[in-house]
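Down below is the structure, laid out as structure tokens.
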Amino acid sequence: MVKAVWENIILAESDNTVIVEGNHYFPPDDVKKEYLVESDHRTRCPWKGLAHYYHVMSDDKKSENAAWTYPEPKEKARHIRDHIAFAKDIKVE
């Protein structure tokens, strides 16, 4: 079981992550979306496509652009469509 933990909060937990470029991508149903707030930030990967970001938030803390997803990935990355990965300040174990 892989977990994503931030500020002692389990953000995601799954036996079905997909590892891409060293990052665990969690299936959307295995992520606690109540801690994610959509961001306007976007980046583009040549082979995955356009990444959409989320801020990770608790009651009094915020980690900006600390999670991302590919809602419309390119063909080679279609296996991670809507999966969510986390930045390095989120502990994935």
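Labels used: A, B, ... for chains in the order of the structure tokens, numbers from 1 for residues in each chain, and numbers from 1 for ligands as shown.
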Name all residues at most 8 Å from segment 29-35 of chain A (count only C-alpha atoms; drop same-chain ones fewer than 4 positions away) and give them as a ChimeraX atom specification. /A:10-14,56-58,84
Could you please write out, as a PyMOL selection string, every residue of chain A that DSSP assigns to strand (DSSP E)? chain A and resi 2-6+9-14+18-20+23-25+36-45+49-57+62-69+84-86+91-92
Would you export the selected residues with N, CA and C atoms as a tab-separated table (two decimals), in the first residue's frame, please?
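Output contents, as saved in again-v4.tsv:
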chain	number	residue	atom	x	y	z
A	2	VAL	N	0.71	2.10	-0.97
A	2	VAL	CA	1.46	3.35	-1.08
A	2	VAL	C	0.59	4.46	-0.51
A	3	LYS	N	1.21	5.34	0.29
A	3	LYS	CA	0.49	6.45	0.90
A	3	LYS	C	1.18	7.76	0.56
A	4	ALA	N	0.38	8.81	0.41
A	4	ALA	CA	0.89	10.18	0.29
A	4	ALA	C	0.47	10.90	1.57
A	5	VAL	N	1.47	11.40	2.31
A	5	VAL	CA	1.21	12.00	3.63
A	5	VAL	C	1.78	13.40	3.68
A	6	TRP	N	0.99	14.32	4.22
A	6	TRP	CA	1.40	15.71	4.38
A	6	TRP	C	0.83	16.23	5.70
A	9	ILE	N	-1.47	14.10	7.56
A	9	ILE	CA	-2.75	13.81	6.89
A	9	ILE	C	-2.46	12.84	5.74
A	10	ILE	N	-3.20	11.76	5.70
A	10	ILE	CA	-3.08	10.83	4.57
A	10	ILE	C	-3.91	11.40	3.43
A	11	LEU	N	-3.23	11.85	2.38
A	11	LEU	CA	-3.89	12.44	1.23
A	11	LEU	C	-4.36	11.40	0.22
A	12	ALA	N	-3.63	10.30	0.15
A	12	ALA	CA	-3.96	9.24	-0.81
A	12	ALA	C	-3.39	7.94	-0.29
A	13	GLU	N	-4.05	6.86	-0.69
A	13	GLU	CA	-3.64	5.52	-0.26
A	13	GLU	C	-4.10	4.54	-1.32
A	14	SER	N	-3.16	3.74	-1.87
A	14	SER	CA	-3.54	2.86	-2.97
A	14	SER	C	-2.58	1.69	-3.14
A	18	VAL	N	0.61	4.10	-10.36
A	18	VAL	CA	1.40	3.91	-11.57
A	18	VAL	C	2.63	4.79	-11.42
A	19	ILE	N	3.82	4.21	-11.56
A	19	ILE	CA	5.04	4.99	-11.42
A	19	ILE	C	5.49	5.49	-12.78
A	20	VAL	N	5.62	6.80	-12.89
A	20	VAL	CA	6.09	7.45	-14.11
A	20	VAL	C	7.14	8.47	-13.71
A	23	ASN	N	7.59	9.22	-10.04
A	23	ASN	CA	6.43	9.69	-9.27
A	23	ASN	C	5.33	8.64	-9.27
A	24	HIS	N	4.72	8.45	-8.09
A	24	HIS	CA	3.56	7.58	-7.98
A	24	HIS	C	2.33	8.38	-8.39
A	25	TYR	N	1.60	7.89	-9.36
A	25	TYR	CA	0.33	8.49	-9.76
A	25	TYR	C	-0.79	7.65	-9.15
A	36	LEU	N	-7.56	19.03	-1.65
A	36	LEU	CA	-7.04	19.61	-2.88
A	36	LEU	C	-7.91	20.77	-3.35
A	37	VAL	N	-7.25	21.85	-3.74
A	37	VAL	CA	-7.94	23.02	-4.28
A	37	VAL	C	-7.31	23.31	-5.64
A	38	GLU	N	-8.15	23.41	-6.66
A	38	GLU	CA	-7.63	23.65	-8.01
A	38	GLU	C	-6.79	24.91	-8.09
A	39	SER	N	-5.72	24.82	-8.85
A	39	SER	CA	-4.81	25.93	-9.09
A	39	SER	C	-4.92	26.33	-10.56
A	40	ASP	N	-4.55	27.55	-10.87
A	40	ASP	CA	-4.51	27.99	-12.27
A	40	ASP	C	-3.20	27.58	-12.94
A	41	HIS	N	-2.25	27.04	-12.16
A	41	HIS	CA	-0.93	26.69	-12.68
A	41	HIS	C	-1.02	25.52	-13.65
A	42	ARG	N	-0.29	25.61	-14.74
A	42	ARG	CA	-0.22	24.55	-15.74
A	42	ARG	C	1.22	24.40	-16.20
A	43	THR	N	1.60	23.18	-16.54
A	43	THR	CA	2.88	22.93	-17.19
A	43	THR	C	2.62	21.97	-18.33
A	44	ARG	N	3.55	21.95	-19.27
A	44	ARG	CA	3.39	21.06	-20.41
A	44	ARG	C	4.58	20.10	-20.48
A	45	CYS	N	4.27	18.84	-20.63
A	45	CYS	CA	5.28	17.80	-20.82
A	45	CYS	C	5.21	17.38	-22.29
A	49	GLY	N	1.64	15.72	-21.98
A	49	GLY	CA	0.64	16.73	-22.29
A	49	GLY	C	0.58	17.82	-21.24
A	50	LEU	N	-0.61	18.41	-21.07
A	50	LEU	CA	-0.81	19.55	-20.18
A	50	LEU	C	-1.20	19.08	-18.79
A	51	ALA	N	-0.38	19.45	-17.79
A	51	ALA	CA	-0.64	19.09	-16.39
A	51	ALA	C	-1.44	20.21	-15.72
A	52	HIS	N	-2.45	19.82	-14.98
A	52	HIS	CA	-3.26	20.73	-14.17
A	52	HIS	C	-2.86	20.51	-12.71
A	53	TYR	N	-2.74	21.58	-11.95
A	53	TYR	CA	-2.22	21.50	-10.59
A	53	TYR	C	-3.28	21.79	-9.53
A	54	TYR	N	-2.97	21.32	-8.32
A	54	TYR	CA	-3.78	21.57	-7.13
A	54	TYR	C	-2.88	22.09	-6.02
A	55	HIS	N	-3.44	22.97	-5.19
A	55	HIS	CA	-2.80	23.31	-3.92
A	55	HIS	C	-3.28	22.24	-2.95
A	56	VAL	N	-2.40	21.85	-2.02
A	56	VAL	CA	-2.79	20.94	-0.95
A	56	VAL	C	-3.01	21.80	0.28
A	57	MET	N	-4.19	21.64	0.91
A	57	MET	CA	-4.54	22.51	2.02
A	57	MET	C	-5.13	21.74	3.19
A	62	LYS	N	-0.90	25.49	3.69
A	62	LYS	CA	-1.08	25.35	2.25
A	62	LYS	C	0.25	25.01	1.60
A	63	SER	N	0.24	24.04	0.71
A	63	SER	CA	1.39	23.73	-0.11
A	63	SER	C	0.97	23.99	-1.56
A	64	GLU	N	1.53	25.05	-2.13
A	64	GLU	CA	1.10	25.49	-3.45
A	64	GLU	C	1.55	24.55	-4.57
A	65	ASN	N	0.63	24.26	-5.45
A	65	ASN	CA	0.90	23.45	-6.65
A	65	ASN	C	1.61	22.15	-6.30
A	66	ALA	N	1.16	21.50	-5.24
A	66	ALA	CA	1.83	20.32	-4.73
A	66	ALA	C	1.27	19.00	-5.27
A	67	ALA	N	0.27	19.09	-6.12
A	67	ALA	CA	-0.28	17.88	-6.74
A	67	ALA	C	-0.65	18.23	-8.18
A	68	TRP	N	-0.61	17.23	-9.05
A	68	TRP	CA	-0.95	17.48	-10.46
A	68	TRP	C	-1.58	16.26	-11.08
A	69	THR	N	-2.24	16.52	-12.20
A	69	THR	CA	-2.92	15.47	-12.94
A	69	THR	C	-2.90	15.81	-14.42
A	84	ILE	N	-3.41	11.24	-9.89
A	84	ILE	CA	-2.83	12.40	-9.21
A	84	ILE	C	-1.48	12.04	-8.61
A	85	ALA	N	-0.48	12.88	-8.90
A	85	ALA	CA	0.86	12.73	-8.34
A	85	ALA	C	1.12	13.91	-7.41
A	86	PHE	N	2.13	13.74	-6.54
A	86	PHE	CA	2.42	14.74	-5.52
A	86	PHE	C	3.87	15.20	-5.59
A	91	LYS	N	5.15	13.47	1.42
A	91	LYS	CA	5.87	12.20	1.62
A	91	LYS	C	5.08	11.04	1.00
A	92	VAL	N	5.68	10.37	0.05
A	92	VAL	CA	5.05	9.20	-0.58
A	92	VAL	C	5.87	7.99	-0.15
Pick from A:Trp47, A:Glu7, A:Pro27, A:Asp60 nearest to Lys74 of chain A, counting only C-alpha atoms: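 Nearest candidate to Lys74 of chain A out of A:Trp47, A:Glu7, A:Pro27, A:Asp60: A:Trp47.
Our summary of the geometry notes that atom CA of Ile80 of chain A is positioned 9.0 Å from atom CA of Lys48 of chain A.
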